[in-house]
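Trainee: my_file.cif is reproduced in full below (mmCIF, N, CA and C atoms).
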data_query
loop_
_atom_site.label_atom_id
_atom_site.label_comp_id
_atom_site.auth_asym_id
_atom_site.auth_seq_id
_atom_site.Cartn_x
_atom_site.Cartn_y
_atom_site.Cartn_z
N MET T 248 25.24 12.38 -11.81
CA MET T 248 24.02 12.46 -11.03
C MET T 248 23.29 11.13 -11.08
N GLU T 249 22.64 10.85 -9.99
CA GLU T 249 21.89 9.61 -9.89
C GLU T 249 20.44 9.89 -10.28
N ASN T 250 19.86 9.00 -11.03
CA ASN T 250 18.50 9.18 -11.48
C ASN T 250 17.54 8.52 -10.49
N LYS T 251 17.12 9.29 -9.51
CA LYS T 251 16.18 8.78 -8.51
C LYS T 251 14.78 9.22 -8.90
N GLN T 252 13.85 8.31 -8.71
CA GLN T 252 12.49 8.70 -9.04
C GLN T 252 11.86 9.43 -7.85
N ALA T 253 11.08 10.42 -8.17
CA ALA T 253 10.45 11.22 -7.13
C ALA T 253 9.31 10.45 -6.49
N LYS T 254 9.06 10.78 -5.24
CA LYS T 254 7.97 10.14 -4.53
C LYS T 254 6.64 10.51 -5.19
N GLY T 255 5.82 9.50 -5.45
CA GLY T 255 4.53 9.75 -6.08
C GLY T 255 4.61 10.00 -7.57
N SER T 256 5.69 9.54 -8.20
CA SER T 256 5.85 9.80 -9.63
C SER T 256 4.99 8.87 -10.50
N GLY T 257 4.38 7.85 -9.88
CA GLY T 257 3.52 6.96 -10.64
C GLY T 257 4.24 5.79 -11.28
N ARG T 258 5.53 5.69 -11.11
CA ARG T 258 6.29 4.59 -11.68
C ARG T 258 6.36 3.44 -10.69
N ILE T 259 6.29 2.24 -11.20
CA ILE T 259 6.36 1.04 -10.36
C ILE T 259 7.82 0.69 -10.15
N PRO T 260 8.24 0.53 -8.89
CA PRO T 260 9.63 0.11 -8.66
C PRO T 260 9.91 -1.26 -9.27
N ILE T 261 11.13 -1.46 -9.71
CA ILE T 261 11.50 -2.68 -10.43
C ILE T 261 11.33 -3.92 -9.57
N ARG T 262 11.51 -3.81 -8.25
CA ARG T 262 11.37 -5.00 -7.41
C ARG T 262 9.93 -5.48 -7.36
N PHE T 263 8.95 -4.55 -7.41
CA PHE T 263 7.56 -4.97 -7.44
C PHE T 263 7.20 -5.56 -8.79
N LEU T 264 7.79 -5.03 -9.84
CA LEU T 264 7.56 -5.58 -11.18
C LEU T 264 8.11 -7.00 -11.27
N ARG T 265 9.31 -7.21 -10.74
CA ARG T 265 9.90 -8.56 -10.74
C ARG T 265 9.06 -9.53 -9.91
N ALA T 266 8.58 -9.07 -8.77
CA ALA T 266 7.75 -9.93 -7.91
C ALA T 266 6.45 -10.29 -8.62
N GLY T 267 5.86 -9.34 -9.32
CA GLY T 267 4.63 -9.61 -10.06
C GLY T 267 4.83 -10.61 -11.18
N VAL T 268 5.90 -10.45 -11.93
CA VAL T 268 6.20 -11.39 -13.02
C VAL T 268 6.50 -12.77 -12.45
N PHE T 269 7.22 -12.82 -11.33
CA PHE T 269 7.52 -14.10 -10.69
C PHE T 269 6.23 -14.80 -10.24
N CYS T 270 5.30 -14.04 -9.67
CA CYS T 270 4.03 -14.63 -9.23
C CYS T 270 3.23 -15.15 -10.42
N ILE T 271 3.24 -14.41 -11.52
CA ILE T 271 2.52 -14.86 -12.72
C ILE T 271 3.13 -16.15 -13.26
N VAL T 272 4.45 -16.24 -13.28
CA VAL T 272 5.12 -17.46 -13.74
C VAL T 272 4.74 -18.64 -12.85
N CYS T 273 4.70 -18.43 -11.53
CA CYS T 273 4.34 -19.51 -10.61
C CYS T 273 2.88 -19.91 -10.76
N ILE T 274 2.00 -18.97 -11.07
CA ILE T 274 0.59 -19.30 -11.31
C ILE T 274 0.47 -20.16 -12.57
N VAL T 275 1.23 -19.81 -13.60
CA VAL T 275 1.23 -20.62 -14.83
C VAL T 275 1.75 -22.03 -14.55
N ILE T 276 2.78 -22.14 -13.71
CA ILE T 276 3.30 -23.46 -13.33
C ILE T 276 2.21 -24.27 -12.62
N ASN T 277 1.47 -23.63 -11.73
CA ASN T 277 0.38 -24.31 -11.03
C ASN T 277 -0.68 -24.81 -12.01
N CYS T 278 -1.08 -23.95 -12.93
CA CYS T 278 -2.13 -24.32 -13.89
C CYS T 278 -1.67 -25.42 -14.83
N LEU T 279 -0.43 -25.34 -15.29
CA LEU T 279 0.09 -26.40 -16.16
C LEU T 279 0.22 -27.72 -15.41
N GLY T 280 0.68 -27.67 -14.18
CA GLY T 280 0.79 -28.89 -13.38
C GLY T 280 -0.56 -29.54 -13.15
N SER T 281 -1.57 -28.73 -12.92
CA SER T 281 -2.93 -29.25 -12.74
C SER T 281 -3.44 -29.93 -14.01
N GLN T 282 -3.22 -29.28 -15.14
CA GLN T 282 -3.68 -29.85 -16.41
C GLN T 282 -2.93 -31.13 -16.76
N ILE T 283 -1.65 -31.17 -16.49
CA ILE T 283 -0.86 -32.39 -16.76
C ILE T 283 -1.36 -33.54 -15.91
N ALA T 284 -1.62 -33.27 -14.63
CA ALA T 284 -2.10 -34.33 -13.74
C ALA T 284 -3.49 -34.81 -14.16
N LEU T 285 -4.34 -33.90 -14.61
CA LEU T 285 -5.68 -34.29 -15.06
C LEU T 285 -5.62 -35.10 -16.35
N GLN T 286 -4.82 -34.65 -17.31
CA GLN T 286 -4.74 -35.33 -18.61
C GLN T 286 -4.13 -36.72 -18.51
N LEU T 287 -3.12 -36.85 -17.66
CA LEU T 287 -2.45 -38.14 -17.51
C LEU T 287 -3.06 -39.01 -16.42
N LYS T 288 -4.09 -38.48 -15.76
CA LYS T 288 -4.78 -39.18 -14.67
C LYS T 288 -3.80 -39.64 -13.59
N LEU T 289 -2.92 -38.72 -13.21
CA LEU T 289 -1.94 -39.01 -12.17
C LEU T 289 -2.55 -38.81 -10.79
N PRO T 290 -2.24 -39.68 -9.86
CA PRO T 290 -2.81 -39.54 -8.51
C PRO T 290 -1.98 -38.61 -7.61
N VAL T 291 -1.39 -37.57 -8.19
CA VAL T 291 -0.60 -36.61 -7.42
C VAL T 291 -1.12 -35.19 -7.70
N TYR T 292 -0.85 -34.30 -6.79
CA TYR T 292 -1.26 -32.91 -6.95
C TYR T 292 -0.08 -32.08 -7.45
N LEU T 293 -0.03 -31.89 -8.75
CA LEU T 293 1.04 -31.09 -9.34
C LEU T 293 0.66 -29.62 -9.39
N ASP T 294 -0.53 -29.28 -8.92
CA ASP T 294 -0.96 -27.89 -8.98
C ASP T 294 -0.46 -27.06 -7.81
N SER T 295 0.40 -27.62 -6.99
CA SER T 295 0.97 -26.85 -5.89
C SER T 295 2.46 -26.58 -6.07
N LEU T 296 3.02 -26.98 -7.20
CA LEU T 296 4.44 -26.77 -7.44
C LEU T 296 4.79 -25.28 -7.49
N GLY T 297 3.99 -24.49 -8.15
CA GLY T 297 4.24 -23.05 -8.23
C GLY T 297 4.10 -22.36 -6.89
N THR T 298 3.15 -22.82 -6.08
CA THR T 298 2.96 -22.24 -4.75
C THR T 298 4.16 -22.52 -3.86
N VAL T 299 4.65 -23.75 -3.91
CA VAL T 299 5.82 -24.11 -3.12
C VAL T 299 7.05 -23.34 -3.60
N LEU T 300 7.21 -23.21 -4.90
CA LEU T 300 8.33 -22.46 -5.45
C LEU T 300 8.27 -20.99 -5.03
N ALA T 301 7.10 -20.39 -5.11
CA ALA T 301 6.94 -18.99 -4.71
C ALA T 301 7.22 -18.81 -3.23
N SER T 302 6.79 -19.76 -2.41
CA SER T 302 7.02 -19.67 -0.97
C SER T 302 8.50 -19.85 -0.64
N MET T 303 9.17 -20.74 -1.34
CA MET T 303 10.58 -20.98 -1.07
C MET T 303 11.44 -19.78 -1.46
N ILE T 304 11.15 -19.19 -2.60
CA ILE T 304 11.99 -18.11 -3.09
C ILE T 304 11.55 -16.74 -2.55
N GLY T 305 10.24 -16.50 -2.53
CA GLY T 305 9.77 -15.17 -2.18
C GLY T 305 9.28 -14.99 -0.76
N GLY T 306 8.96 -16.08 -0.09
CA GLY T 306 8.42 -15.97 1.26
C GLY T 306 6.94 -16.33 1.29
N TYR T 307 6.33 -16.09 2.44
CA TYR T 307 4.95 -16.54 2.60
C TYR T 307 3.94 -15.67 1.84
N VAL T 308 4.20 -14.38 1.66
CA VAL T 308 3.23 -13.52 0.98
C VAL T 308 3.09 -13.90 -0.50
N PRO T 309 4.17 -14.04 -1.27
CA PRO T 309 4.00 -14.51 -2.65
C PRO T 309 3.37 -15.92 -2.71
N GLY T 310 3.67 -16.77 -1.73
CA GLY T 310 3.06 -18.09 -1.70
C GLY T 310 1.55 -18.02 -1.53
N ILE T 311 1.11 -17.13 -0.66
CA ILE T 311 -0.33 -16.94 -0.45
C ILE T 311 -0.99 -16.39 -1.71
N VAL T 312 -0.36 -15.38 -2.32
CA VAL T 312 -0.92 -14.76 -3.52
C VAL T 312 -1.02 -15.78 -4.65
N VAL T 313 0.05 -16.53 -4.86
CA VAL T 313 0.06 -17.53 -5.95
C VAL T 313 -0.96 -18.63 -5.68
N GLY T 314 -1.00 -19.14 -4.47
CA GLY T 314 -1.95 -20.20 -4.15
C GLY T 314 -3.40 -19.76 -4.32
N TYR T 315 -3.71 -18.56 -3.85
CA TYR T 315 -5.08 -18.05 -3.95
C TYR T 315 -5.49 -17.80 -5.40
N LEU T 316 -4.64 -17.08 -6.14
CA LEU T 316 -5.00 -16.75 -7.52
C LEU T 316 -5.03 -17.98 -8.43
N ALA T 317 -4.13 -18.93 -8.20
CA ALA T 317 -4.14 -20.15 -9.01
C ALA T 317 -5.40 -20.97 -8.74
N ALA T 318 -5.78 -21.07 -7.46
CA ALA T 318 -7.00 -21.81 -7.13
C ALA T 318 -8.24 -21.11 -7.70
N LEU T 319 -8.24 -19.79 -7.67
CA LEU T 319 -9.35 -19.03 -8.24
C LEU T 319 -9.46 -19.25 -9.75
N LEU T 320 -8.34 -19.15 -10.44
CA LEU T 320 -8.35 -19.37 -11.90
C LEU T 320 -8.73 -20.79 -12.27
N GLN T 321 -8.22 -21.77 -11.54
CA GLN T 321 -8.55 -23.16 -11.83
C GLN T 321 -10.02 -23.43 -11.53
N GLY T 322 -10.56 -22.80 -10.52
CA GLY T 322 -11.98 -22.97 -10.20
C GLY T 322 -12.88 -22.36 -11.26
N ILE T 323 -12.43 -21.27 -11.86
CA ILE T 323 -13.23 -20.63 -12.91
C ILE T 323 -13.18 -21.41 -14.22
N PHE T 324 -12.01 -21.87 -14.60
CA PHE T 324 -11.83 -22.48 -15.91
C PHE T 324 -11.90 -24.00 -15.93
N SER T 325 -11.87 -24.66 -14.80
CA SER T 325 -11.90 -26.12 -14.77
C SER T 325 -12.95 -26.59 -13.77
N ALA T 326 -13.96 -27.25 -14.27
CA ALA T 326 -15.06 -27.71 -13.40
C ALA T 326 -14.58 -28.78 -12.42
N SER T 327 -13.58 -29.57 -12.79
CA SER T 327 -13.11 -30.61 -11.90
C SER T 327 -12.28 -30.05 -10.74
N SER T 328 -11.82 -28.83 -10.84
CA SER T 328 -11.03 -28.22 -9.77
C SER T 328 -11.89 -27.63 -8.66
N ILE T 329 -13.14 -27.44 -8.94
CA ILE T 329 -14.03 -26.86 -7.93
C ILE T 329 -14.20 -27.85 -6.81
#
Could you show the structure in this file as structure tokens?
Mentor:
Amino acid sequence: MENKQAKGSGRIPIRFLRAGVFCIVCIVINCLGSQIALQLKLPVYLDSLGTVLASMIGGYVPGIVVGYLAALLQGIFSASSI
């Protein structure tokens, strides 16, 4: 027998869980890239690497989510990002 989950069972499908973890990893890449560029005073924007990676692998929706949440987090925690 195949173990299928019932509709409305409250369990998150594995593909959504993978997409969420992937977006979190890309947000961390964005934040680390931003901090590296700030600390080393580099004239490049390394805070978009995670957004580009999410867009290339997942499509435009994960790219939008990663870009928005990373910019929101950087704006909250870093005054120079505002």
Trainee: Any idea what's packed within 12 Å of segment 324-329 of chain T, counting only C-alpha atoms, ignoring anything in its chain fewer than 3 positions away? Could you give it as a list in words?
Mentor: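 Residues near the query, excluding close chain neighbours: Cys278, Ser281, Gln282, Ala284, Leu285, Gln286, Tyr292, Asp294, Ala317, Ala318, Leu319, Leu320 and Gln321 of chain T.
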Trainee: Quick one: of T:Val308, T:Gly297, T:Ile323, T:Ser302, who's nearest to Ile276 of chain T, counting only C-alpha atoms?
Mentor: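 Using only C-alpha atoms, the shortest distance to Ile276 of chain T belongs to T:Gly297.
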Trainee: Can you measure atom C of Val313 of chain T to atom CA of Ile274 of chain T for me? One decimal in Å is fine.
Mentor: 5.9 Å
Trainee: Would you mind reading off the distance between atom CA of Gly306 of chain T and atom CA of Gly322 of chain T, one decimal, in Å?
Mentor: 24.4 Å
Trainee: Can you measure atom CA of Cys270 of chain T to atom CA of Pro309 of chain T for me? One decimal in Å is fine.
Mentor: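 According to the coordinates, atom CA of Cys270 of chain T and atom CA of Pro309 of chain T are separated by 6.6 Å.
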Trainee: Taking 6 positions as the minimum chain separation for residues in the same chain, which residues sit within 7 Å of Gly310 of chain T when counting only C-alpha atoms? Answer as a ChimeraX atom specification.
Mentor: /T:298-299,301-302
Trainee: Select, from T:Ile304, T:Leu296, T:Ile311, T:Val291, the residue with the minimum atom-to-atom distance to Val275 of chain T, counting only C-alpha atoms.
Mentor: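 Once distances to Val275 of chain T are computed over only C-alpha atoms, the minimum belongs to T:Leu296.
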